[in-house]
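The file final.cif comes next; it holds mmCIF, C-alpha atoms.
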```
data_target
#
loop_
_atom_site.label_atom_id
_atom_site.label_comp_id
_atom_site.auth_asym_id
_atom_site.auth_seq_id
_atom_site.Cartn_x
_atom_site.Cartn_y
_atom_site.Cartn_z
CA MET O 1 33.96 8.92 -19.28
CA GLY O 2 31.06 10.75 -20.84
CA ARG O 3 27.72 9.10 -21.39
CA GLY O 4 26.39 11.31 -24.15
CA ASN O 5 26.28 8.41 -26.61
CA LEU O 6 25.07 5.81 -24.12
CA ASP O 7 22.10 3.88 -25.46
CA LEU O 8 19.46 4.27 -22.75
CA ASN O 9 17.26 1.74 -24.55
CA VAL O 10 19.85 -0.89 -23.66
CA VAL O 11 19.79 0.25 -20.04
CA GLN O 12 16.00 -0.06 -20.00
CA GLU O 13 16.26 -3.51 -21.57
CA ILE O 14 18.52 -4.66 -18.72
CA LEU O 15 15.98 -3.37 -16.20
CA ASN O 16 13.08 -5.03 -18.05
CA LYS O 17 14.90 -8.36 -18.27
CA THR O 18 15.84 -8.16 -14.59
CA LYS O 19 12.17 -7.74 -13.72
CA GLU O 20 11.30 -10.72 -15.91
CA GLU O 21 13.96 -12.86 -14.23
CA VAL O 22 12.54 -12.08 -10.77
CA GLU O 23 8.97 -12.70 -11.90
CA ASN O 24 10.01 -16.10 -13.26
CA MET O 25 11.47 -17.19 -9.92
CA HIS O 26 9.52 -19.79 -7.97
CA PRO O 27 8.27 -17.74 -4.96
CA VAL O 28 9.13 -18.76 -1.42
CA ASN O 29 6.43 -18.57 1.28
CA ILE O 30 7.29 -18.48 4.99
CA LEU O 31 5.02 -18.51 8.02
CA LEU O 32 6.06 -16.51 11.10
CA ALA O 33 4.56 -17.95 14.26
CA GLY O 34 4.95 -16.69 17.81
CA LYS O 35 3.41 -14.40 20.35
CA THR O 36 3.15 -10.66 19.85
CA GLY O 37 6.25 -8.84 21.10
CA VAL O 38 8.77 -11.64 20.54
CA GLY O 39 10.52 -9.67 17.79
CA LYS O 40 9.06 -11.07 14.56
CA SER O 41 9.10 -7.69 12.79
CA THR O 42 12.68 -7.02 13.87
CA LEU O 43 13.68 -10.43 12.56
CA ILE O 44 11.93 -9.85 9.21
CA ASN O 45 13.50 -6.44 8.69
CA ASN O 46 17.00 -7.74 9.31
CA VAL O 47 16.76 -10.99 7.36
CA PHE O 48 15.00 -9.64 4.27
CA ARG O 49 15.84 -6.62 2.15
CA GLU O 50 13.78 -3.44 1.94
CA ARG O 51 12.44 -3.77 5.51
CA MET O 52 9.45 -5.89 4.57
CA ALA O 53 7.69 -5.61 7.91
CA GLU O 54 7.51 -1.83 7.49
CA THR O 55 7.17 -1.35 3.74
CA GLY O 56 5.46 -4.56 2.64
CA ILE O 57 1.74 -4.61 2.01
CA GLY O 58 -0.08 -6.47 4.76
CA LYS O 59 -3.31 -8.17 3.75
CA PRO O 60 -5.51 -10.18 6.15
CA VAL O 61 -5.83 -13.84 5.20
CA THR O 62 -7.85 -14.83 8.24
CA LYS O 63 -8.76 -13.05 11.45
CA HIS O 64 -5.39 -13.89 12.98
CA LEU O 65 -3.15 -14.29 9.93
CA ARG O 66 -1.68 -11.47 7.82
CA ARG O 67 -0.02 -11.84 4.41
CA ILE O 68 3.02 -9.57 3.83
CA ALA O 69 4.30 -9.07 0.29
CA LYS O 70 6.19 -6.41 -1.65
CA GLU O 71 6.26 -5.84 -5.38
CA GLY O 72 9.49 -6.99 -6.98
CA MET O 73 10.31 -9.46 -4.20
CA PRO O 74 9.66 -13.18 -4.83
CA ILE O 75 8.70 -13.91 -1.24
CA VAL O 76 5.50 -13.91 0.82
CA LEU O 77 5.47 -13.87 4.62
CA TYR O 78 2.51 -14.92 6.75
CA ASP O 79 2.48 -13.31 10.19
CA THR O 80 0.42 -14.91 12.96
CA ARG O 81 -1.28 -12.93 15.68
CA GLY O 82 -3.16 -13.88 18.81
CA LEU O 83 -1.04 -16.71 20.22
CA GLU O 84 -0.55 -14.65 23.38
CA LEU O 85 -4.28 -14.49 24.08
CA GLY O 86 -6.36 -16.73 26.34
CA HIS O 87 -6.80 -20.44 25.75
CA PRO O 88 -10.07 -20.32 23.75
CA ILE O 89 -8.61 -17.70 21.35
CA GLN O 90 -5.32 -19.59 21.09
CA MET O 91 -7.18 -22.69 19.94
CA GLU O 92 -9.02 -20.63 17.33
CA VAL O 93 -5.76 -19.06 16.10
CA LYS O 94 -3.97 -22.40 15.83
CA LYS O 95 -6.88 -23.91 13.94
CA GLU O 96 -6.81 -21.01 11.47
CA ILE O 97 -3.07 -21.41 10.93
CA ILE O 98 -3.25 -25.17 10.33
CA GLU O 99 -6.15 -24.73 7.91
CA ALA O 100 -4.28 -21.95 6.07
CA ILE O 101 -1.22 -24.18 5.64
CA LYS O 102 -3.30 -27.09 4.35
CA GLN O 103 -5.22 -24.83 1.98
CA SER O 104 -1.99 -23.32 0.62
CA GLN O 105 -0.67 -26.79 -0.14
CA LYS O 106 -3.80 -27.55 -2.17
CA GLU O 107 -3.26 -24.45 -4.31
CA GLY O 108 0.01 -25.59 -5.86
CA SER O 109 3.71 -25.09 -5.21
CA ASP O 110 3.66 -21.34 -5.91
CA LYS O 111 1.10 -20.77 -3.14
CA ALA O 112 2.22 -23.46 -0.69
CA ILE O 113 3.79 -22.34 2.58
CA HIS O 114 7.25 -23.91 2.61
CA LEU O 115 8.64 -23.22 6.08
CA VAL O 116 7.79 -21.96 9.58
CA TYR O 117 9.92 -19.62 11.65
CA TYR O 118 8.55 -20.21 15.15
CA CYS O 119 9.76 -17.25 17.23
CA ILE O 120 10.21 -17.41 20.99
CA ASN O 121 11.77 -14.76 23.20
CA ALA O 122 15.03 -16.28 24.46
CA HIS O 123 14.43 -14.81 27.90
CA SER O 124 11.17 -16.68 28.41
CA SER O 125 11.31 -18.48 31.70
CA ARG O 126 9.45 -21.43 30.23
CA ILE O 127 7.61 -22.68 27.18
CA GLU O 128 3.97 -23.55 27.57
CA GLU O 129 2.92 -27.11 26.84
CA SER O 130 0.46 -25.75 24.31
CA GLU O 131 3.33 -24.16 22.34
CA ILE O 132 5.28 -27.41 22.35
CA ALA O 133 2.21 -29.26 21.10
CA PHE O 134 1.65 -26.63 18.40
CA MET O 135 5.24 -26.89 17.17
CA GLU O 136 4.83 -30.64 16.92
CA GLU O 137 1.60 -30.22 14.95
CA LEU O 138 3.18 -27.71 12.58
CA SER O 139 6.22 -29.91 12.00
CA GLY O 140 3.90 -32.64 10.77
CA LEU O 141 3.00 -30.40 7.85
CA LEU O 142 6.24 -28.63 6.94
CA PRO O 143 9.74 -27.83 8.31
CA VAL O 144 9.82 -25.74 11.49
CA LEU O 145 12.81 -23.67 12.58
CA VAL O 146 12.57 -22.41 16.16
CA VAL O 147 14.11 -18.93 16.36
CA LEU O 148 15.06 -17.75 19.84
CA THR O 149 14.95 -13.98 19.51
CA GLN O 150 16.93 -11.46 21.58
CA ALA O 151 19.29 -14.29 22.43
CA ILE O 152 21.79 -12.93 24.95
CA GLY O 153 23.95 -14.89 27.35
CA GLN O 154 23.41 -18.06 29.31
CA PRO O 155 19.59 -17.94 29.58
CA ALA O 156 19.34 -18.16 25.79
CA ASN O 157 21.78 -21.07 25.67
CA GLU O 158 19.90 -22.91 28.37
CA LEU O 159 16.55 -22.46 26.61
CA LYS O 160 18.06 -23.66 23.34
CA LYS O 161 19.42 -26.78 25.05
CA TYR O 162 16.09 -27.39 26.78
CA ILE O 163 14.16 -27.29 23.49
CA GLU O 164 16.71 -29.50 21.75
CA ASN O 165 16.42 -32.06 24.56
CA LEU O 166 12.68 -32.30 23.95
CA ASN O 167 13.56 -34.14 20.73
CA LEU O 168 10.78 -32.46 18.81
CA PRO O 169 10.49 -33.27 15.07
CA ILE O 170 11.67 -29.77 14.16
CA ALA O 171 14.37 -28.68 11.69
CA GLY O 172 16.48 -26.82 14.24
CA VAL O 173 16.75 -24.32 17.10
CA LEU O 174 18.75 -21.14 16.56
CA ASN O 175 19.81 -18.32 18.87
CA VAL O 176 19.43 -15.01 17.03
CA MET O 177 20.23 -11.42 17.91
CA ALA O 178 18.65 -9.63 14.94
CA GLU O 179 19.89 -6.16 15.86
CA PRO O 180 22.86 -4.85 17.86
CA TYR O 181 22.02 -4.64 21.57
CA ALA O 182 23.40 -1.78 23.65
CA ILE O 183 24.31 -2.81 27.18
CA THR O 184 25.99 0.53 27.91
CA ASP O 185 27.08 3.46 25.75
CA GLU O 186 30.47 1.81 25.42
CA LEU O 187 29.41 -1.84 25.16
CA VAL O 188 27.18 -2.96 22.27
CA LEU O 189 26.59 -6.60 21.41
CA PRO O 190 26.63 -7.15 17.63
CA GLN O 191 24.06 -9.00 15.54
CA SER O 192 24.43 -12.75 15.75
CA GLY O 193 22.84 -15.92 14.47
CA LEU O 194 21.38 -14.47 11.27
CA LYS O 195 23.84 -16.16 8.93
CA GLU O 196 23.23 -19.49 10.66
CA LEU O 197 19.49 -18.95 10.18
CA ILE O 198 20.04 -18.34 6.47
CA GLU O 199 22.18 -21.47 6.13
CA ARG O 200 19.64 -23.64 7.95
CA THR O 201 16.81 -22.18 5.89
CA PHE O 202 18.58 -23.05 2.63
CA ALA O 203 19.07 -26.58 3.93
CA VAL O 204 15.33 -27.23 4.41
CA LEU O 205 13.71 -25.19 1.62
CA PRO O 206 12.57 -26.96 -1.56
CA GLU O 207 15.22 -26.64 -4.27
CA GLU O 208 12.98 -24.64 -6.60
CA THR O 209 12.50 -21.87 -4.01
CA LYS O 210 16.16 -21.30 -3.12
CA GLU O 211 16.82 -18.77 -5.88
CA ALA O 212 13.91 -16.64 -4.67
CA PHE O 213 15.06 -16.86 -1.05
CA ASN O 214 18.59 -15.81 -2.06
CA ASN O 215 17.11 -12.83 -3.87
CA ALA O 216 15.07 -11.78 -0.83
CA GLN O 217 17.62 -12.33 1.95
CA GLN O 218 20.15 -9.59 2.74
CA VAL O 219 22.25 -11.32 5.38
CA ASP O 220 24.66 -13.41 3.31
CA ILE O 221 25.87 -11.18 0.44
CA ALA O 222 28.74 -13.58 -0.25
CA ARG O 223 26.19 -16.28 -1.06
CA LYS O 224 24.62 -14.01 -3.68
CA ALA O 225 28.04 -13.33 -5.21
CA LYS O 226 28.94 -17.02 -5.25
CA ALA O 227 25.66 -17.95 -6.94
CA SER O 228 26.20 -15.17 -9.50
CA ARG O 229 29.75 -16.30 -10.31
CA SER O 230 28.67 -19.91 -10.70
CA TRP O 231 25.78 -18.96 -12.94
CA ALA O 232 27.85 -16.52 -15.04
CA THR O 233 30.57 -19.11 -15.67
CA LYS O 234 28.06 -21.70 -16.83
CA TYR O 235 26.21 -19.08 -18.87
CA ILE O 236 29.31 -18.05 -20.79
CA VAL O 237 30.14 -21.66 -21.56
CA THR O 238 26.65 -22.79 -22.58
CA THR O 239 25.24 -19.75 -24.40
CA PHE O 240 28.28 -17.96 -25.75
CA GLY O 241 28.93 -20.21 -28.72
CA VAL O 242 28.76 -17.30 -31.14
CA GLY O 243 31.83 -15.76 -29.52
CA PHE O 244 33.86 -18.85 -30.05
CA THR O 245 33.81 -18.69 -33.80
CA PRO O 246 36.13 -15.91 -34.98
CA ILE O 247 34.03 -12.85 -35.86
CA PRO O 248 34.98 -9.41 -37.23
CA PHE O 249 35.32 -6.50 -34.81
CA SER O 250 32.53 -4.74 -36.68
CA ASP O 251 30.16 -7.64 -35.95
CA ALA O 252 30.94 -7.84 -32.26
CA THR O 253 27.49 -6.47 -31.48
CA VAL O 254 26.11 -10.01 -31.85
CA LEU O 255 27.46 -10.57 -28.35
CA VAL O 256 25.36 -7.78 -26.86
CA PRO O 257 22.01 -9.60 -26.36
CA MET O 258 23.82 -12.36 -24.48
CA GLN O 259 25.60 -9.87 -22.26
CA ILE O 260 22.38 -7.99 -21.56
CA GLY O 261 20.73 -11.23 -20.43
CA MET O 262 23.75 -12.06 -18.32
CA LEU O 263 23.75 -8.71 -16.51
CA ALA O 264 20.00 -8.93 -15.94
CA HIS O 265 20.23 -12.41 -14.41
CA ILE O 266 23.06 -11.35 -12.10
CA THR O 267 21.04 -8.32 -10.97
CA ALA O 268 18.07 -10.59 -10.27
CA ILE O 269 20.19 -12.92 -8.15
CA PHE O 270 21.37 -10.03 -5.99
CA GLY O 271 17.88 -8.60 -5.68
CA ILE O 272 19.11 -5.05 -5.16
CA SER O 273 17.19 -1.95 -6.17
CA MET O 274 19.35 -1.02 -9.17
CA ASP O 275 17.44 1.79 -10.85
CA LYS O 276 17.99 3.35 -14.26
CA ALA O 277 20.52 5.85 -12.96
CA ALA O 278 22.64 3.16 -11.29
CA ILE O 279 22.61 0.87 -14.34
CA THR O 280 23.51 3.86 -16.51
CA SER O 281 26.52 4.57 -14.30
CA VAL O 282 27.75 0.99 -14.54
CA ILE O 283 27.29 0.76 -18.29
CA GLY O 284 28.79 4.22 -18.67
CA ALA O 285 31.93 2.88 -17.00
CA VAL O 286 32.16 0.17 -19.64
CA GLY O 287 31.49 2.69 -22.35
CA GLY O 288 28.37 3.06 -24.47
CA THR O 289 28.64 4.18 -28.09
CA GLY O 290 25.04 4.42 -29.20
CA GLY O 291 22.75 1.89 -30.76
CA ALA O 292 23.24 -1.71 -29.70
CA THR O 293 27.01 -1.45 -29.84
CA TYR O 294 27.76 -0.41 -26.27
CA LEU O 295 29.30 -3.75 -25.31
CA GLY O 296 30.28 -4.99 -28.72
CA ARG O 297 32.23 -2.65 -30.97
CA TYR O 298 33.26 -0.29 -28.15
CA ILE O 299 34.85 -2.90 -25.94
CA VAL O 300 36.59 -4.54 -28.86
CA SER O 301 38.01 -1.32 -30.25
CA ASN O 302 38.90 0.42 -26.97
CA LEU O 303 39.50 -2.12 -24.23
CA LEU O 304 40.83 -5.03 -26.24
CA LYS O 305 44.29 -3.51 -26.21
CA MET O 306 44.44 -4.16 -22.45
CA ILE O 307 44.53 -7.92 -23.05
CA PRO O 308 48.12 -9.12 -23.53
CA GLY O 309 48.59 -10.47 -27.04
CA ALA O 310 45.11 -9.57 -28.26
CA GLY O 311 46.45 -6.88 -30.57
CA THR O 312 48.21 -9.49 -32.68
CA ILE O 313 44.95 -11.08 -33.86
CA VAL O 314 45.17 -11.45 -37.63
CA GLY O 315 42.48 -10.08 -39.91
CA GLY O 316 40.72 -7.90 -37.35
CA VAL O 317 38.71 -10.66 -35.74
CA ILE O 318 37.82 -11.44 -32.15
CA SER O 319 38.77 -14.94 -31.04
CA GLY O 320 36.93 -17.26 -28.72
CA ALA O 321 39.48 -16.74 -25.96
CA THR O 322 39.19 -12.98 -26.34
CA ALA O 323 35.40 -13.20 -26.20
CA ALA O 324 35.73 -15.21 -23.00
CA VAL O 325 38.06 -12.62 -21.48
CA LEU O 326 35.70 -9.76 -22.37
CA THR O 327 32.50 -11.33 -21.15
CA THR O 328 34.00 -12.89 -18.04
CA ALA O 329 35.59 -9.57 -17.12
CA LEU O 330 32.24 -7.86 -17.56
CA ALA O 331 30.37 -10.45 -15.46
CA MET O 332 32.85 -10.69 -12.60
CA SER O 333 33.38 -6.92 -12.40
CA TYR O 334 29.63 -6.41 -12.29
CA ILE O 335 29.32 -8.97 -9.50
CA GLU O 336 31.99 -7.16 -7.46
CA VAL O 337 30.17 -3.86 -7.93
CA LEU O 338 26.79 -5.33 -6.94
CA THR O 339 28.40 -6.84 -3.85
CA VAL O 340 29.42 -3.34 -2.76
CA VAL O 341 25.95 -1.97 -3.57
CA ALA O 342 24.19 -4.79 -1.70
CA LYS O 343 26.30 -4.26 1.41
CA GLY O 344 25.56 -0.55 1.23
CA GLU O 345 21.82 -1.14 0.94
CA LYS O 346 21.91 -3.50 3.91
CA ASP O 347 23.53 -0.76 6.00
CA GLY O 348 21.17 1.89 4.64
CA LYS O 349 23.98 3.59 2.70
CA TYR O 350 23.34 3.44 -1.03
CA PRO O 351 26.66 4.11 -2.80
CA ASP O 352 27.22 7.34 -4.70
CA LEU O 353 26.64 6.80 -8.43
CA SER O 354 30.01 8.30 -9.36
CA ASN O 355 31.67 5.79 -7.03
CA ILE O 356 29.79 2.95 -8.71
CA GLU O 357 31.02 4.07 -12.13
CA THR O 358 34.61 4.43 -10.95
CA LEU O 359 34.58 1.04 -9.24
CA MET O 360 33.15 -0.70 -12.31
CA ARG O 361 35.77 0.87 -14.57
CA GLU O 362 38.62 -0.09 -12.22
CA LYS O 363 37.44 -3.68 -11.79
CA MET O 364 36.91 -4.11 -15.51
CA GLN O 365 40.37 -2.78 -16.36
CA GLU O 366 42.02 -5.02 -13.75
CA ARG O 367 40.44 -8.14 -15.19
CA LEU O 368 41.10 -7.19 -18.81
CA LYS O 369 44.78 -6.63 -18.05
CA MET O 370 44.94 -10.10 -16.52
CA GLY O 371 43.48 -11.58 -19.70
CA THR O 372 43.53 -15.37 -19.79
CA LYS O 373 45.46 -15.41 -16.50
CA ASP O 374 42.21 -14.49 -14.72
CA GLN O 375 41.12 -17.58 -12.76
CA ASP O 376 37.48 -17.14 -13.81
CA VAL O 377 38.51 -16.89 -17.48
CA LYS O 378 40.64 -20.02 -17.08
CA GLU O 379 37.62 -21.89 -15.76
CA VAL O 380 35.52 -20.76 -18.72
CA LEU O 381 38.20 -21.75 -21.25
CA ASP O 382 38.81 -25.11 -19.56
CA ASN O 383 35.11 -25.90 -19.79
CA LEU O 384 34.98 -24.76 -23.40
CA LYS O 385 37.86 -27.05 -24.32
CA LYS O 386 35.75 -29.96 -23.09
CA SER O 387 33.01 -29.00 -25.53
CA ASN O 388 33.41 -31.22 -28.59
CA PRO O 389 32.47 -28.65 -31.27
CA LEU O 390 35.10 -26.26 -29.93
CA LYS O 391 38.00 -28.57 -29.08
CA LYS O 392 39.72 -28.40 -32.46
CA TRP O 393 39.43 -24.62 -32.83
CA LEU O 394 40.50 -23.79 -29.26
CA ARG O 395 43.67 -25.90 -29.59
CA LYS O 396 44.93 -23.57 -32.31
#
```
Can I see the file as C-alpha cells?
Amino acid sequence: MGRGNLDLNVVQEILNKTKEEVENMHPVNILLAGKTGVGKSTLINNVFRERMAETGIGKPVTKHLRRIAKEGMPIVLYDTRGLELGHPIQMEVKKEIIEAIKQSQKEGSDKAIHLVYYCINAHSSRIEESEIAFMEELSGLLPVLVVLTQAIGQPANELKKYIENLNLPIAGVLNVMAEPYAITDELVLPQSGLKELIERTFAVLPEETKEAFNNAQQVDIARKAKASRSWATKYIVTTFGVGFTPIPFSDATVLVPMQIGMLAHITAIFGISMDKAAITSVIGAVGGTGGATYLGRYIVSNLLKMIPGAGTIVGGVISGATAAVLTTALAMSYIEVLTVVAKGEKDGKYPDLSNIETLMREKMQERLKMGTKDQDVKEVLDNLKKSNPLKKWLRK
C-alpha cells in the first residue's frame, strides 16, 4: 500500500506523545552493589534494553559510586566500585553508599533509590563476614535482592542455600546466568534466572515505579504485551465515549486523537526504539489518507467492509460496536507488532520495515474479519454494557 498521502504530522505526533508518556513515568532507581568482576555490567546489559552499561552516560556521584542513565529511559542505575579493595577502603566505600541512599531518600520519590541488586559471583568459595554485615545494613534501608552471577551447577545451588540459611532480612536470593555459557563448541548453557529476577523485582518495587521498570526491562516481553492489552482495553472503555454515539462516516476523524494517544501509550509501555520510519510503516499498513483522517475516514470507508454485518448500517453511520471493533483491532494488532519488534531488538535484530508493514496489515485484517467475535472486542463491549449511559443504546 502506498504512503504518498500519509500524514507525517500524525506520525510525528505519535512520537512526541510517546516521549511525553515516558517522561511522565515515575523513574525507577536501582543500586548495583558487589565487587569488581562479578558481572554487574553483563547483568545490566541483559536485563535492560539498549545495553545501558555500554551506552548509558556514567556520571560520578561519589568517589566510589557512578550514576548510569540514558536519555529516553525512565531508569537510573548506581554502580558501586571498590568493595574488592582493602578493609580501610571498603569501609569508606560502604559509608559513601549508605550516605548516598539516605540522601536520595531525602530528595523525594523521583530521586530515591528503590532497590539494591547485590551481585556475588556464584563460584565464590565463601562470603566475607563484612559482606554479610553490609547486606544486613542495606536491607535496613531498602529491599535487597542478592544476585548470584555466573550461576552454573551445584556450587551455585549450594551458595544460594547457604545464603538463604543465614536468614538475612533480604528480599531474595536468585541464581542468574545473564548470558549463554559455552562449555564446548557443541554444548552451550542458555541464559537462566533473568525472568525470575524480573518477577521478584516487580514484587518489591513501589507501585508507582513499576511502569518505568517494565519500560526499561527487556527480559519479559510478554509482560509488556499483557500490560499493553490491559491498558488498551480500559482505555477504549473509559475514553472512547464519542465512538459509542452513532456518528457519520465523514466525521469519523473525531476518533483519531484518541487513537493517537492510545498508540503512543502502548509504544511507551514497550519502550522500544520506534523511530519515524518504523511508525510510518505501521501507519502505512493501516492506510493514511492525508490530513487527520488516516485512522478515521480511511478505516471506515475501506476496512469496515471486513466486519461481518457492518455494511448494513443504516444512514451511513458508525456504531459503537463498530468503533470498538476498529479501535480494538488497531490496538491489539499494534501490540502484536511491537512484541515482534521488541524480541528482535533484544536479539540485536531489528525487523525489516517492510516486514513490519506487512505484519501490521495482516494482523489488522485478521481482527477486523473476526469483528465482534474477537475476544478482546467482546471484553470491551461487555464492559461498555455495564456503563449506565450506554446500556440502553448498546442493547439495540
Query - Distance in Å - CA of Val146 (chain O) versus CA of Glu107 (chain O) - result: 26.0 Å
Query raised in the report: How far is it from CA of Tyr117 (chain O) to CA of Gly348 (chain O), in Å with one decimal?
Result: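 Here the two named atoms are 25.3 Å from each other.
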Query raised in the report: Smallest atom-to-atom distance to Lys59 (chain O): which of O:Ile183, O:Gly72, O:Asp79, O:Pro169, using all atoms listed in the file?
Result: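 Going through O:Ile183, O:Gly72, O:Asp79, O:Pro169 one by one, the smallest distance to Lys59 (chain O) is for O:Asp79.
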Report task. I would like the residues chosen by the PyMOL selection byres ((chain O and resi 125) around 12) on the shown file; could you give them as a count of residues only? Result -> 14
With region 11-29 of chain O as the partner and 8 Å as the cut-off, tabulate the residues of region 93-180 of chain O that qualify, each row holding the nearest pair of atoms and their distance in Å to one decimal, using all atoms listed in the file, sorted by chain and rising number, as a Markdown table.
```
| residue | atom | partner | partner_atom | distance |
| --- | --- | --- | --- | --- |
| O:Asp110 | CA | O:Pro27 | CA | 5.9 |
| O:Lys111 | CA | O:Asn29 | CA | 7.3 |
| O:Ala112 | CA | O:Asn29 | CA | 6.7 |
| O:Ile113 | CA | O:Asn29 | CA | 4.8 |
| O:His114 | CA | O:Asn29 | CA | 5.6 |
| O:Leu115 | CA | O:Asn29 | CA | 7.0 |
```
**Report entry** Selected residue, from O:Val116, O:Ile272, O:Glu379, O:Gly371, that lies nearest to Ile335 (chain O) when counting only C-alpha atoms
**Finding:**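 Of O:Val116, O:Ile272, O:Glu379, O:Gly371, the one nearest Ile335 (chain O) is O:Ile272, counting only C-alpha atoms.
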Query raised in the report: For this file, the PyMOL selection byres ((chain O and resi 225) around 9) selects which residues, as a list in words?
Result: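 For this structure, the PyMOL selection byres ((chain O and resi 225) around 9) captures Ile221, Ala222, Arg223, Lys224, Lys226, Ala227, Ser228, Arg229, Ser230, Ile266, Ile269, Phe270, Ile335, Glu336, Leu338 and Thr339 of chain O.
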Query raised in the report: Which one is closest to Ala342 (chain O): O:Lys378, O:Ala324, O:Gln259, O:Gln218? Count all atoms listed in the file.
Result: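 Among O:Lys378, O:Ala324, O:Gln259, O:Gln218, it is O:Gln218 that comes nearest to Ala342 (chain O).
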Query - Ground truth for the PyMOL selection byres ((chain O and resi 74-77) around 6), written as a list in words - result: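 Taken on the displayed file, the PyMOL selection byres ((chain O and resi 74-77) around 6) yields the residues Pro27, Val28, Asn29, Ile30, Leu31, Arg67, Ile68, Ala69, Met73, Tyr78 and Ala212 of chain O.
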Report task. Might you pull out every residue within 8 Å of Arg200 (chain O), with all atoms listed in the file counted and same-chain residues fewer than 4 positions away left off, and present them as a PyMOL selection string? Result -> chain O and resi 172+196+204
Requested in this report: Enter the distance from CA of Gln217 (chain O) to CA of Val337 (chain O), in Å, rounded to one decimal.
Outcome: 18.1 Å
Query raised in the report: What lies within 10 Å of Lys63 (chain O) using all atoms listed in the file, ignoring chain neighbours under 5 positions off, as a list in words?
Result: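 So the residues in contact are Thr80, Arg81, Gly82, Glu92, Val93 and Glu96 of chain O.
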Query - Among the residues O:Gln90, O:Thr201, O:Thr184, O:Thr267, the one that comes closest to Ser130 (chain O) [using all atoms listed in the file] - result: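 That would be O:Gln90, the residue with the smallest distance to Ser130 (chain O).
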For Ile279 (chain O), find every residue with an atom within 10 Å (counting all atoms listed in the file), except residues of its own chain fewer than 2 positions away, and show them as a short mmCIF file (atom, residue, chain, number, x, y, z; two decimals) with C-alpha atoms, keeping the file's coordinate frame.
```cif
data_model
loop_
_atom_site.label_atom_id
_atom_site.label_comp_id
_atom_site.auth_asym_id
_atom_site.auth_seq_id
_atom_site.Cartn_x
_atom_site.Cartn_y
_atom_site.Cartn_z
CA LEU O 8 19.46 4.27 -22.75
CA VAL O 10 19.85 -0.89 -23.66
CA VAL O 11 19.79 0.25 -20.04
CA GLN O 12 16.00 -0.06 -20.00
CA ILE O 14 18.52 -4.66 -18.72
CA LEU O 15 15.98 -3.37 -16.20
CA LEU O 263 23.75 -8.71 -16.51
CA THR O 267 21.04 -8.32 -10.97
CA MET O 274 19.35 -1.02 -9.17
CA ASP O 275 17.44 1.79 -10.85
CA LYS O 276 17.99 3.35 -14.26
CA ALA O 277 20.52 5.85 -12.96
CA SER O 281 26.52 4.57 -14.30
CA VAL O 282 27.75 0.99 -14.54
CA ILE O 283 27.29 0.76 -18.29
CA GLY O 284 28.79 4.22 -18.67
CA ALA O 285 31.93 2.88 -17.00
CA LEU O 353 26.64 6.80 -8.43
CA ILE O 356 29.79 2.95 -8.71
CA GLU O 357 31.02 4.07 -12.13
#
```
**Report entry** Which residue of O:Asn175, O:Gln154, O:Asn215, O:Asn383 approaches Gln191 (chain O) most closely, using only C-alpha atoms
**Finding:**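 Smallest distance to Gln191 (chain O) is found for O:Asn175.
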**Report entry** Distance criterion (all atoms listed in the file): nearest to Ala331 (chain O) out of O:Thr233, O:Thr239, O:Ser192, O:Asn214
**Finding:**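 For Ala331 (chain O), the nearest of the given residues is O:Thr233.
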